[in-house]
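For reference, data-v3.txt (compact mmCIF, C-alpha atoms):
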```txt
# COMPACT_ATOMS: atom_id res chain seq x y z
CA MET A 188 43.67 134.77 109.15
CA GLY A 189 43.07 132.11 111.78
CA LYS A 190 44.14 129.42 109.35
CA ILE A 191 47.40 131.23 108.54
CA THR A 192 48.18 131.69 112.23
CA HIS A 193 47.49 128.02 112.84
CA PHE A 194 49.72 127.04 109.90
CA ILE A 195 52.59 129.21 111.17
CA GLU A 196 52.17 127.92 114.72
CA GLN A 197 52.36 124.36 113.54
CA SER A 198 55.15 124.65 111.03
CA TRP A 199 57.45 127.54 111.97
CA LEU A 200 60.07 125.22 113.41
CA LEU A 201 60.10 123.11 110.26
CA ILE A 202 60.41 126.18 108.02
CA VAL A 203 63.17 127.76 110.11
CA SER A 204 65.04 124.43 110.41
CA ALA A 205 64.77 123.73 106.69
CA PHE A 206 66.23 127.17 105.97
CA PHE A 207 68.99 126.74 108.55
CA PHE A 208 69.96 123.21 107.44
CA GLY A 209 69.81 124.21 103.79
CA LEU A 210 72.15 127.09 104.51
CA LEU A 211 74.51 124.78 106.39
CA ILE A 212 74.69 122.38 103.45
CA ALA A 213 75.13 125.24 100.98
CA ILE A 214 78.04 126.68 102.99
CA THR A 215 79.71 123.27 103.33
CA ASN A 216 79.23 122.57 99.63
CA ALA A 217 80.61 125.95 98.63
CA GLY A 218 83.63 125.42 100.84
CA LEU A 219 84.40 121.88 99.72
CA SER A 220 83.31 121.73 96.09
CA PRO A 221 86.56 123.21 94.68
CA ARG A 222 88.51 120.49 96.50
CA ILE A 223 86.09 117.76 95.38
CA GLU A 224 86.32 118.90 91.75
CA GLN A 225 90.10 119.06 92.03
CA ASN A 226 90.18 115.48 93.41
CA GLU A 227 88.11 114.27 90.44
CA ARG A 228 90.34 116.11 87.96
CA ASP A 229 93.50 114.79 89.63
CA LYS A 230 92.27 111.22 89.40
CA LEU A 231 91.27 111.57 85.77
CA PHE A 232 94.59 113.17 84.77
CA LYS A 233 96.56 110.60 86.76
CA LEU A 234 94.79 107.75 84.97
CA MET A 235 95.16 109.41 81.56
CA GLY A 236 98.84 110.02 82.23
CA GLY A 237 99.29 106.36 83.13
CA LEU A 238 97.73 105.32 79.83
CA ILE A 239 99.61 107.68 77.52
CA ALA A 240 103.24 107.31 78.49
CA ASP A 241 104.52 110.21 76.35
CA ALA A 242 101.94 112.68 77.62
CA ASN A 243 103.40 115.81 79.17
CA SER A 244 100.12 117.68 79.51
CA PHE A 245 96.47 117.37 78.55
CA GLU A 246 94.08 119.82 76.98
CA VAL A 247 90.39 119.52 76.19
CA SER A 248 90.17 118.88 72.47
CA LEU A 249 86.42 118.48 72.07
CA GLU A 250 83.84 119.28 74.71
CA GLY A 251 80.47 117.57 75.14
CA VAL A 252 80.90 115.12 72.25
CA GLU A 253 77.61 113.29 71.68
CA ILE A 254 77.78 109.50 71.55
CA PRO A 255 74.70 107.53 70.48
CA GLY A 256 74.03 105.03 73.26
CA ARG A 257 71.59 102.19 73.66
CA LYS A 258 67.82 102.72 73.31
CA GLY A 259 68.31 106.09 71.63
CA LYS A 260 70.04 107.55 74.65
CA VAL A 261 72.70 110.13 73.92
CA LEU A 262 75.86 110.06 76.02
CA LYS A 263 78.21 113.01 76.33
CA THR A 264 81.92 113.08 76.92
CA ASP A 265 84.95 115.34 76.60
CA ILE A 266 87.94 114.31 74.50
CA TYR A 267 91.33 115.22 75.94
CA LYS A 268 94.40 115.59 73.76
CA ALA A 269 97.72 114.50 75.21
CA VAL A 270 100.70 116.61 74.21
CA ASP A 271 104.28 115.36 74.61
CA LYS A 272 107.32 117.43 75.61
CA ALA A 273 107.88 118.53 72.00
CA GLY A 274 104.29 119.75 71.79
CA VAL A 275 103.28 116.93 69.45
CA ASN A 276 99.96 115.10 69.71
CA ALA A 277 100.66 111.96 71.79
CA GLY A 278 97.14 110.58 71.81
CA PHE A 279 93.60 111.14 72.96
CA ALA A 280 91.71 110.08 76.08
CA TYR A 281 88.07 110.19 77.03
CA VAL A 282 85.72 109.04 79.77
CA ALA A 283 83.28 106.30 78.75
CA ILE A 284 80.31 105.06 80.77
CA GLY A 285 78.21 101.92 80.50
CA ALA A 286 76.13 99.49 82.53
CA GLY A 287 78.07 96.86 84.47
CA PHE A 288 76.90 93.90 86.55
CA ALA A 289 76.04 95.84 89.71
CA ASP A 290 76.24 99.47 88.72
CA LYS A 291 77.59 101.78 86.03
CA ILE A 292 81.21 101.31 85.01
CA LYS A 293 83.16 104.47 84.25
CA LEU A 294 86.32 103.98 82.20
CA VAL A 295 89.09 106.21 80.89
CA ILE A 296 90.02 105.03 77.42
CA ALA A 297 93.08 106.20 75.52
CA VAL A 298 93.86 105.96 71.81
CA ASP A 299 96.93 106.97 69.83
CA GLY A 300 97.18 110.29 67.99
CA LYS A 301 95.94 108.75 64.73
CA CYS A 302 93.13 106.90 66.50
CA GLU A 303 94.38 103.65 65.01
CA LYS A 304 95.10 101.69 68.18
CA PHE A 305 94.07 101.72 71.81
CA PHE A 306 96.57 102.59 74.49
CA GLY A 307 94.26 100.76 76.91
CA PHE A 308 91.83 101.68 79.64
CA ARG A 309 91.65 102.33 83.36
CA VAL A 310 88.62 102.05 85.62
CA LEU A 311 87.56 105.45 86.92
CA SER A 312 84.75 103.99 89.03
CA SER A 313 82.88 100.71 89.30
CA ASN A 314 80.98 98.71 91.89
CA GLU A 315 81.52 95.29 90.33
CA THR A 316 81.54 92.22 92.61
CA PRO A 317 84.79 92.05 94.60
CA GLY A 318 86.90 89.10 93.50
CA PHE A 319 84.94 88.60 90.27
CA GLY A 320 83.76 91.64 88.28
CA SER A 321 86.39 93.75 89.98
CA LYS A 322 88.97 91.77 87.98
CA ILE A 323 88.34 94.10 85.02
CA LYS A 324 91.00 96.24 86.70
CA GLU A 325 93.57 93.46 86.56
CA GLU A 326 96.34 93.29 84.00
CA PHE A 327 95.20 89.95 82.55
CA PHE A 328 92.14 91.72 81.20
CA SER A 329 93.24 95.33 80.71
CA ASP A 330 96.49 94.42 78.91
CA GLN A 331 94.48 92.78 76.12
CA PHE A 332 93.29 96.23 75.05
CA LYS A 333 96.78 97.70 74.96
CA ASP A 334 97.78 98.30 71.31
CA ALA A 335 94.62 96.56 70.04
CA PRO A 336 93.24 98.08 66.79
CA ALA A 337 90.90 100.99 67.57
CA GLY A 338 87.78 99.54 66.02
CA GLU A 339 85.05 97.05 66.80
CA ILE A 340 86.29 94.51 69.35
CA LYS A 341 84.62 91.29 70.41
CA LEU A 342 84.57 89.14 73.51
CA VAL A 343 85.61 85.50 73.22
CA LYS A 344 85.30 82.81 75.86
CA ALA A 345 88.66 81.22 75.17
CA GLY A 346 91.78 82.24 73.30
CA ASP A 347 95.24 83.61 73.68
CA ALA A 348 94.98 86.60 76.00
CA GLY A 349 98.57 87.55 75.16
CA LYS A 350 97.80 88.00 71.46
CA ILE A 351 96.97 91.61 70.59
CA ASP A 352 93.99 91.68 68.26
CA THR A 353 90.28 92.50 68.30
CA ASP A 354 89.45 89.40 70.37
CA ILE A 355 89.24 89.98 74.11
CA VAL A 356 89.30 86.88 76.29
CA THR A 357 86.61 87.03 78.96
CA ILE A 358 87.37 86.92 82.68
CA SER A 359 86.33 83.58 84.13
CA GLY A 360 83.41 84.17 86.52
CA ALA A 361 82.90 87.74 85.36
CA THR A 362 81.39 87.42 81.90
CA VAL A 363 78.88 90.23 82.45
CA SER A 364 81.57 92.68 83.58
CA SER A 365 83.87 91.65 80.70
CA GLU A 366 81.00 92.12 78.24
CA ALA A 367 80.21 95.49 79.77
CA VAL A 368 83.75 96.76 79.18
CA VAL A 369 83.77 95.54 75.55
CA LYS A 370 80.35 97.15 74.98
CA ILE A 371 81.57 100.45 76.40
CA PHE A 372 84.54 100.36 74.00
CA ASN A 373 82.34 99.56 71.02
CA THR A 374 79.79 102.25 71.92
CA TYR A 375 82.37 105.01 71.99
CA THR A 376 85.18 104.13 69.55
CA ASP A 377 83.43 104.75 66.25
CA SER A 378 81.84 108.04 67.31
CA ILE A 379 85.05 109.35 68.85
CA LYS A 380 86.97 108.48 65.69
CA LYS A 381 84.38 110.17 63.47
CA GLN A 382 84.34 113.32 65.58
CA LEU A 383 88.13 113.60 65.66
CA THR A 384 88.35 113.00 61.91
CA ALA A 385 85.59 115.51 61.17
CA LYS A 386 87.32 118.20 63.20
CA GLY A 387 90.73 117.38 61.64
CA LEU A 388 92.29 116.71 65.01
CA LEU A 389 94.03 113.44 64.25
CA ALA A 390 97.82 113.46 64.31
CA ASP A 391 98.15 113.05 60.54
CA GLY A 392 95.40 115.55 59.88
CA LYS A 393 93.13 112.94 58.32
CA MET B 191 67.68 105.75 130.47
CA ALA B 192 69.50 108.48 132.36
CA SER B 193 67.47 111.62 133.03
CA ASP B 194 68.28 115.26 132.30
CA LYS B 195 70.16 115.62 135.57
CA ALA B 196 71.93 112.30 135.25
CA LYS B 197 74.94 111.75 137.47
CA GLY B 198 78.29 110.21 136.61
CA PRO B 199 77.38 106.52 137.12
CA GLU B 200 74.15 106.93 135.12
CA LEU B 201 76.02 108.62 132.32
CA GLY B 202 78.54 105.80 132.42
CA GLN B 203 75.74 103.25 132.10
CA THR B 204 74.25 105.17 129.18
CA PHE B 205 77.66 105.11 127.48
CA ILE B 206 78.33 101.42 128.13
CA ALA B 207 74.80 100.37 127.05
CA GLY B 208 75.68 101.13 123.44
CA LEU B 209 78.81 99.03 123.59
CA TRP B 210 77.23 95.79 124.81
CA LYS B 211 73.81 95.67 126.52
CA GLU B 212 72.06 97.68 123.81
CA ASN B 213 74.65 97.22 121.07
CA PRO B 214 72.88 98.45 117.92
CA VAL B 215 74.01 95.55 115.74
CA PHE B 216 74.25 92.55 118.06
CA ARG B 217 71.42 93.35 120.47
CA LEU B 218 69.02 95.69 118.65
CA LEU B 219 69.70 94.38 115.12
CA LEU B 220 69.71 97.91 113.71
CA GLY B 221 71.79 99.25 110.82
CA MET B 222 71.95 95.90 109.06
CA CYS B 223 72.40 97.42 105.59
CA PRO B 224 75.84 99.01 106.21
CA THR B 225 76.76 96.13 108.51
CA LEU B 226 76.45 93.70 105.64
CA ALA B 227 77.60 96.01 102.87
CA VAL B 228 80.77 97.72 104.08
CA THR B 229 82.41 95.04 106.21
CA ALA B 230 84.46 93.38 103.47
CA ALA B 231 87.52 95.20 104.86
CA VAL B 232 88.40 97.05 108.07
CA ARG B 233 89.24 100.44 106.55
CA PRO B 234 85.81 101.12 104.97
CA ALA B 235 84.10 99.72 108.07
CA LEU B 236 86.04 102.12 110.29
CA THR B 237 85.26 105.06 107.99
CA MET B 238 81.57 104.18 107.98
CA GLY B 239 81.64 103.91 111.78
CA CYS B 240 83.23 107.36 112.10
CA CYS B 241 80.61 108.86 109.77
CA VAL B 242 77.82 107.28 111.84
CA ILE B 243 79.35 108.63 115.08
CA PHE B 244 79.52 112.13 113.57
CA VAL B 245 75.92 112.02 112.33
CA LEU B 246 74.63 110.46 115.57
CA VAL B 247 76.30 113.05 117.80
CA CYS B 248 75.23 116.02 115.65
CA SER B 249 71.64 114.85 115.15
CA ASN B 250 71.27 113.98 118.85
CA ILE B 251 72.51 117.46 119.82
CA VAL B 252 70.06 119.17 117.44
CA VAL B 253 67.11 116.97 118.42
CA SER B 254 67.88 117.41 122.11
CA LEU B 255 68.04 121.20 121.74
CA MET B 256 64.71 121.40 119.92
CA ARG B 257 62.94 118.65 121.91
CA ASN B 258 60.62 121.09 123.76
CA LEU B 259 59.56 122.74 120.50
CA LEU B 260 58.76 119.56 118.58
CA LYS B 261 55.16 118.99 117.51
CA PRO B 262 54.22 115.29 117.65
CA HIS B 263 53.15 115.09 113.99
CA LEU B 264 56.32 116.84 112.75
CA ARG B 265 58.68 114.88 114.96
CA ILE B 266 59.93 112.32 112.43
CA LEU B 267 60.13 114.95 109.71
CA MET B 268 62.36 117.10 111.89
CA PHE B 269 64.58 114.14 112.79
CA THR B 270 64.99 113.21 109.14
CA LEU B 271 65.77 116.80 108.17
CA ALA B 272 68.53 117.02 110.79
CA ILE B 273 69.94 113.58 109.97
CA ALA B 274 69.93 114.22 106.20
CA THR B 275 71.83 117.48 106.71
CA PHE B 276 74.63 115.90 108.70
CA VAL B 277 74.86 112.90 106.40
CA THR B 278 75.24 115.24 103.40
CA ILE B 279 77.98 117.14 105.24
CA ALA B 280 79.77 113.87 106.14
CA ASP B 281 79.51 112.73 102.52
CA LEU B 282 80.96 116.01 101.22
CA PHE B 283 83.85 115.84 103.71
CA LEU B 284 84.62 112.28 102.65
CA LYS B 285 84.59 113.25 98.97
CA ALA B 286 86.91 116.17 99.70
CA PHE B 287 89.40 114.58 102.10
CA GLN B 288 89.06 110.82 101.56
CA PRO B 289 88.04 110.51 97.88
CA ASP B 290 89.22 106.90 97.56
CA MET B 291 87.27 105.80 100.61
CA SER B 292 84.24 107.77 99.44
CA GLU B 293 84.35 105.73 96.24
CA VAL B 294 84.69 102.45 98.11
CA LEU B 295 81.71 103.24 100.33
CA GLY B 296 79.68 104.41 97.34
CA PRO B 297 76.00 104.92 98.13
CA TYR B 298 76.29 103.61 101.70
CA VAL B 299 77.29 106.99 103.14
CA PRO B 300 74.18 108.79 101.81
CA LEU B 301 72.19 105.77 103.00
CA ILE B 302 73.09 106.61 106.61
CA ILE B 303 70.01 108.86 106.37
CA VAL B 304 67.83 105.76 106.57
CA ASN B 305 69.99 104.00 109.16
CA CYS B 306 67.58 103.02 111.94
CA ILE B 307 70.18 103.51 114.68
CA ILE B 308 70.19 107.26 114.19
CA ILE B 309 66.46 107.84 114.08
CA CYS B 310 66.05 105.33 116.94
CA ARG B 311 68.43 107.28 119.18
CA ALA B 312 66.80 110.58 118.21
CA GLU B 313 63.40 109.18 119.20
CA ALA B 314 64.39 107.06 122.20
CA CYS B 315 66.99 109.31 123.79
CA ALA B 316 67.61 112.78 122.35
CA SER B 317 63.94 113.81 122.17
CA LYS B 318 63.52 113.02 125.89
CA ASN B 319 66.85 114.00 127.42
CA GLY B 320 69.25 116.89 127.77
CA MET B 321 72.25 117.53 125.60
CA VAL B 322 74.88 115.83 127.79
CA VAL B 323 72.96 112.57 128.03
CA SER B 324 72.19 112.71 124.30
CA ILE B 325 75.86 113.18 123.41
CA ILE B 326 77.00 110.37 125.73
CA ASP B 327 74.31 108.10 124.27
CA ALA B 328 75.33 108.99 120.70
CA VAL B 329 79.02 108.37 121.37
CA GLY B 330 78.30 105.05 123.12
CA MET B 331 75.97 103.83 120.39
CA GLY B 332 78.27 105.08 117.65
CA LEU B 333 81.30 103.40 119.18
CA GLY B 334 79.32 100.19 119.70
CA PHE B 335 78.33 100.25 116.03
CA THR B 336 81.88 101.05 114.88
CA LEU B 337 83.49 98.34 116.99
CA THR B 338 80.98 95.76 115.76
CA LEU B 339 81.61 96.74 112.16
CA CYS B 340 85.37 96.53 112.68
CA VAL B 341 85.16 93.09 114.30
CA LEU B 342 83.01 91.76 111.45
CA ALA B 343 85.25 93.41 108.86
CA GLY B 344 88.38 92.07 110.58
CA VAL B 345 87.13 88.48 110.38
CA ARG B 346 86.02 88.87 106.76
CA GLU B 347 89.16 90.65 105.58
CA LEU B 348 91.39 88.14 107.35
CA LEU B 349 89.67 85.14 105.80
CA SER B 350 89.19 86.66 102.34
CA THR B 351 92.70 88.08 101.90
CA GLY B 352 94.84 86.72 104.74
CA MET B 353 95.60 90.34 105.69
CA ILE B 354 94.28 93.02 108.02
CA LEU B 355 94.85 96.69 107.12
CA ASP B 356 97.36 95.64 104.44
CA THR B 357 99.40 93.64 106.96
CA LYS B 358 99.92 89.96 106.20
CA VAL B 359 98.57 87.96 109.12
CA MET B 360 97.89 84.46 107.80
CA PRO B 361 100.71 82.04 106.88
CA GLU B 362 101.85 81.72 103.25
CA ALA B 363 100.05 78.38 102.91
CA PHE B 364 96.68 79.97 103.66
CA VAL B 365 94.27 79.90 100.71
CA PRO B 366 92.01 82.99 100.79
CA TRP B 367 88.27 82.35 100.98
CA ALA B 368 86.95 84.60 98.22
CA ALA B 369 83.37 84.05 99.40
CA MET B 370 84.08 85.96 102.61
CA SER B 371 84.44 89.22 100.68
CA MET B 372 81.08 88.66 99.01
CA PRO B 373 77.57 89.15 100.46
CA VAL B 374 77.40 85.49 101.45
CA GLY B 375 80.45 86.02 103.68
CA ALA B 376 78.76 88.98 105.34
CA PHE B 377 75.62 86.98 106.17
CA ILE B 378 77.57 83.98 107.47
CA THR B 379 79.90 86.08 109.64
CA LEU B 380 77.04 88.15 111.04
CA GLY B 381 74.96 85.03 111.76
CA LEU B 382 77.84 83.32 113.57
CA MET B 383 78.63 86.47 115.56
CA LEU B 384 74.99 86.89 116.58
CA GLY B 385 74.92 83.26 117.71
CA LEU B 386 78.13 83.76 119.71
CA VAL B 387 76.79 86.91 121.38
CA ASN B 388 73.56 85.08 122.28
CA ILE B 389 75.53 82.23 123.86
CA ILE B 390 77.67 84.65 125.88
CA THR B 391 74.59 86.61 127.01
CA LYS B 392 72.74 83.45 127.98
CA GLU B 393 75.65 82.10 129.99
CA ALA B 394 76.20 85.45 131.69
CA SER B 395 72.57 85.66 132.77
```

What does the file become when written as structure tokens?
Amino acid sequence: MGKITHFIEQSWLLIVSAFFFGLLIAITNAGLSPRIEQNERDKLFKLMGGLIADANSFEVSLEGVEIPGRKGKVLKTDIYKAVDKAGVNAGFAYVAIGAGFADKIKLVIAVDGKCEKFFGFRVLSSNETPGFGSKIKEEFFSDQFKDAPAGEIKLVKAGDAGKIDTDIVTISGATVSSEAVVKIFNTYTDSIKKQLTAKGLLADGK
Amino acid sequence: MASDKAKGPELGQTFIAGLWKENPVFRLLLGMCPTLAVTAAVRPALTMGCCVIFVLVCSNIVVSLMRNLLKPHLRILMFTLAIATFVTIADLFLKAFQPDMSEVLGPYVPLIIVNCIIICRAEACASKNGMVVSIIDAVGMGLGFTLTLCVLAGVRELLSTGMILDTKVMPEAFVPWAAMSMPVGAFITLGLMLGLVNIITKEAS
């Protein structure tokens, strides 16, 4: 009994404070989480809309699609279907994640309705080095993916960046970040294509 | 340090101490992590400063209120608990109302929890003084930290982009120094600023 009294005497303030502070955080989180989730959704939809010009609205086509990652790790993503004003499939978009130079890079990648070519990508979040790795957001790099065949792509040190093919010209001074983006594409493309084909969701039904 | 029943001039001194004499960055060399990490531009530096002011004021109020109940061996634990709570709240508010800035600041907002300025003020001031003194001290220290961050960020942003807060300041012929936006720029600017402050202090004394 003496020990319990001693324990309570010593720690009551800590216990009460932990409860009070926990409650404070829970209330704040409950109040703000709808807005935070909305912000995240808004950003994602804004980026997807920028990639698929004909998109009028988006709907989740496949939820929790499993993508085999590196070292046996399984990544999960949702595939969104873009629908144009006539209600026709205008393409697909999905969030893809991979390791960058400083931190994880989160991309939104869009493909056409038949999953034959990329519409391009936008960076959802990244902490790449300002002035170097951060150039993955710039048109010189991102435009190379626009209309490129939706298959295995490879990074080349030199070439014609204006030519649309499977060769992506690296950003000078940001090889690691350029490689990271290409790896992210290659990790996801095949699996996404297979899943969409298996579920018969491609525009031509194949 | 002003006592519980501190008068106007003493409170004024407590406030001003944070701005110059005991400036957390230039004089106490505290909070170096955010100082180096978020000063590539003025806007994130200002946001970080505001977050630190909020956390400092709230944690100083809480610590000051519970100072007579604190057990010596639980002191630091209680400080950390209070600080972590207010940092989490600040982080949630940023994510809700300033999502772009929250992304720019990344992990540095949650890292305010381990910012030495806050625990230092809780220990050195709030745990020994009343609420008024603690608030004045927190505001002074917070403002001192924010102003320092903004000055550093202003120099770095100006030299790395030629602009401040999206306003073109440097002439067209100016070639931006990309290195100033990188960690090396942060170390060089901070080092030069510290040297300048030391010269001014030496001459003044």

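Atom CA of A:Ala283 is positioned 11.4 Å from atom CA of A:Glu253.
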
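Between A:Ala205 and the candidates B:Met268, B:Leu220, B:Ala207, B:Val387, the tightest atom-to-atom separation, counting all atoms listed in the file, involves B:Met268.
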
May I ask for the distance between atom CA of B:Ile325 and atom CA of B:Ile243, given in Å to one decimal place?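 Taking atom CA of B:Ile325 and atom CA of B:Ile243, their separation equals 10.1 Å.
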
Contacts of A:Gly307 at 6 Å (all atoms listed in the file; same-chain gap of 4+ positions) as a PyMOL selection string: chain A and resi 297+332-333

Kindly give the distance, in Å, that separates atom CA of A:Glu303 and atom CA of A:Lys381, rounded to a single decimal.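 Atom CA of A:Glu303 sits 12.0 Å away from atom CA of A:Lys381.
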
Residues of chain B within 9 Å of chain A, using only C-alpha atoms, as a VMD selection string? chain B and resid 230 256 259 to 261 264 267 to 268 271 to 272 275 to 276 278 to 279 282 to 283 285 to 287 289 293 to 294 296 368 to 369 371 to 372

Could the residues in this selection be written to a file with C-alpha atoms, as a short mmCIF file (atom, residue, chain, number, x, y, z; two decimals), keeping the file's coordinate frame?
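Written out: again33.cif:
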```cif
data_model
loop_
_atom_site.label_atom_id
_atom_site.label_comp_id
_atom_site.auth_asym_id
_atom_site.auth_seq_id
_atom_site.Cartn_x
_atom_site.Cartn_y
_atom_site.Cartn_z
CA ALA B 230 84.46 93.38 103.47
CA MET B 256 64.71 121.40 119.92
CA LEU B 259 59.56 122.74 120.50
CA LEU B 260 58.76 119.56 118.58
CA LYS B 261 55.16 118.99 117.51
CA LEU B 264 56.32 116.84 112.75
CA LEU B 267 60.13 114.95 109.71
CA MET B 268 62.36 117.10 111.89
CA LEU B 271 65.77 116.80 108.17
CA ALA B 272 68.53 117.02 110.79
CA THR B 275 71.83 117.48 106.71
CA PHE B 276 74.63 115.90 108.70
CA THR B 278 75.24 115.24 103.40
CA ILE B 279 77.98 117.14 105.24
CA LEU B 282 80.96 116.01 101.22
CA PHE B 283 83.85 115.84 103.71
CA LYS B 285 84.59 113.25 98.97
CA ALA B 286 86.91 116.17 99.70
CA PHE B 287 89.40 114.58 102.10
CA PRO B 289 88.04 110.51 97.88
CA GLU B 293 84.35 105.73 96.24
CA VAL B 294 84.69 102.45 98.11
CA GLY B 296 79.68 104.41 97.34
CA ALA B 368 86.95 84.60 98.22
CA ALA B 369 83.37 84.05 99.40
CA SER B 371 84.44 89.22 100.68
CA MET B 372 81.08 88.66 99.01
#
```

Residues within 10 Å of stretch 249-252 of chain B, all atoms listed in the file, excluding chain neighbours under 5 positions, as a ChimeraX atom specification: /B:243-244,257,268-277,308-309,311-313,315-317,319-329

Which residue is closest to A:Lys341? Choose from A:Asn243, A:Thr357, A:Thr384, A:Ser248 and count all atoms listed in the file. A:Thr357

Looking at all atoms listed in the file, which of B:Thr357, B:Ser350, B:Gln203, B:Gln288 is the one that sits closest to B:Ala376?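 Comparing B:Thr357, B:Ser350, B:Gln203, B:Gln288 against B:Ala376, the winner is B:Ser350.
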
Near A:Val298, within 9 Å and counting all atoms listed in the file, which residues show up once chain neighbours fewer than 4 positions away are dropped, as number ranges by chain? A: 238-239, 278-281, 302-307, 334, 337

Write out as AutoDock Vina command-line options an axis-aligned box for stretch 330-340 of chain B: all of its atoms listed in the file, 4 Å added on each side, centre and edge lengths in Å with one decimal.
```
--center_x 80.7 --center_y 100.4 --center_z 117.6 --size_x 17.4 --size_y 17.3 --size_z 19.0
```

Identify the residues within 7 Å of coordinate (89.8, 107.7, 84.0) (same frame as the file), considering only C-alpha atoms, and give the answer as a ChimeraX atom specification. /A:230-231,234-235,282,294-295,309-311

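Nearest residue to A:Asn373 among A:Ser244, A:Ser359, A:Thr353, A:Gln331 is A:Thr353, counting only C-alpha atoms.
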
Working from the structure I just supplied, which lacks atoms in stretch 333-346 of chain B, can you model N, CA, C and O atoms there and output them as a CSV table (one decimal), in the frame of the given file?
```csv
chain,number,residue,atom,x,y,z
B,333,LEU,N,80.1,104.2,119.0
B,333,LEU,CA,81.3,103.4,119.2
B,333,LEU,C,80.9,101.9,119.1
B,333,LEU,O,81.7,101.1,118.6
B,334,GLY,N,79.8,101.6,119.7
B,334,GLY,CA,79.3,100.2,119.7
B,334,GLY,C,79.1,99.7,118.3
B,334,GLY,O,79.6,98.6,117.9
B,335,PHE,N,78.5,100.6,117.4
B,335,PHE,CA,78.3,100.2,116.0
B,335,PHE,C,79.7,100.1,115.3
B,335,PHE,O,79.9,99.1,114.6
B,336,THR,N,80.6,101.1,115.6
B,336,THR,CA,81.9,101.0,114.9
B,336,THR,C,82.7,99.8,115.3
B,336,THR,O,83.3,99.2,114.4
B,337,LEU,N,82.7,99.5,116.5
B,337,LEU,CA,83.5,98.3,117.0
B,337,LEU,C,82.9,97.1,116.4
B,337,LEU,O,83.7,96.2,115.9
B,338,THR,N,81.6,97.0,116.4
B,338,THR,CA,81.0,95.8,115.8
B,338,THR,C,81.4,95.6,114.3
B,338,THR,O,81.7,94.5,113.8
B,339,LEU,N,81.3,96.7,113.6
B,339,LEU,CA,81.6,96.7,112.2
B,339,LEU,C,83.1,96.3,112.0
B,339,LEU,O,83.4,95.5,111.1
B,340,CYS,N,83.9,96.8,112.8
B,340,CYS,CA,85.4,96.5,112.7
B,340,CYS,C,85.7,95.1,113.0
B,340,CYS,O,86.5,94.4,112.3
B,341,VAL,N,85.0,94.5,114.0
B,341,VAL,CA,85.2,93.1,114.3
B,341,VAL,C,84.7,92.2,113.1
B,341,VAL,O,85.4,91.3,112.7
B,342,LEU,N,83.5,92.5,112.6
B,342,LEU,CA,83.0,91.8,111.4
B,342,LEU,C,83.9,91.9,110.3
B,342,LEU,O,84.3,90.9,109.6
B,343,ALA,N,84.4,93.1,110.0
B,343,ALA,CA,85.2,93.4,108.9
B,343,ALA,C,86.6,92.7,109.0
B,343,ALA,O,87.2,92.2,108.1
B,344,GLY,N,87.1,92.7,110.3
B,344,GLY,CA,88.4,92.1,110.6
B,344,GLY,C,88.3,90.6,110.2
B,344,GLY,O,89.2,90.1,109.6
B,345,VAL,N,87.3,89.9,110.7
B,345,VAL,CA,87.1,88.5,110.4
B,345,VAL,C,87.0,88.2,108.9
B,345,VAL,O,87.7,87.4,108.3
B,346,ARG,N,86.2,89.1,108.2
B,346,ARG,CA,86.0,88.9,106.8
B,346,ARG,C,87.3,89.2,106.0
B,346,ARG,O,87.6,88.4,105.0
```
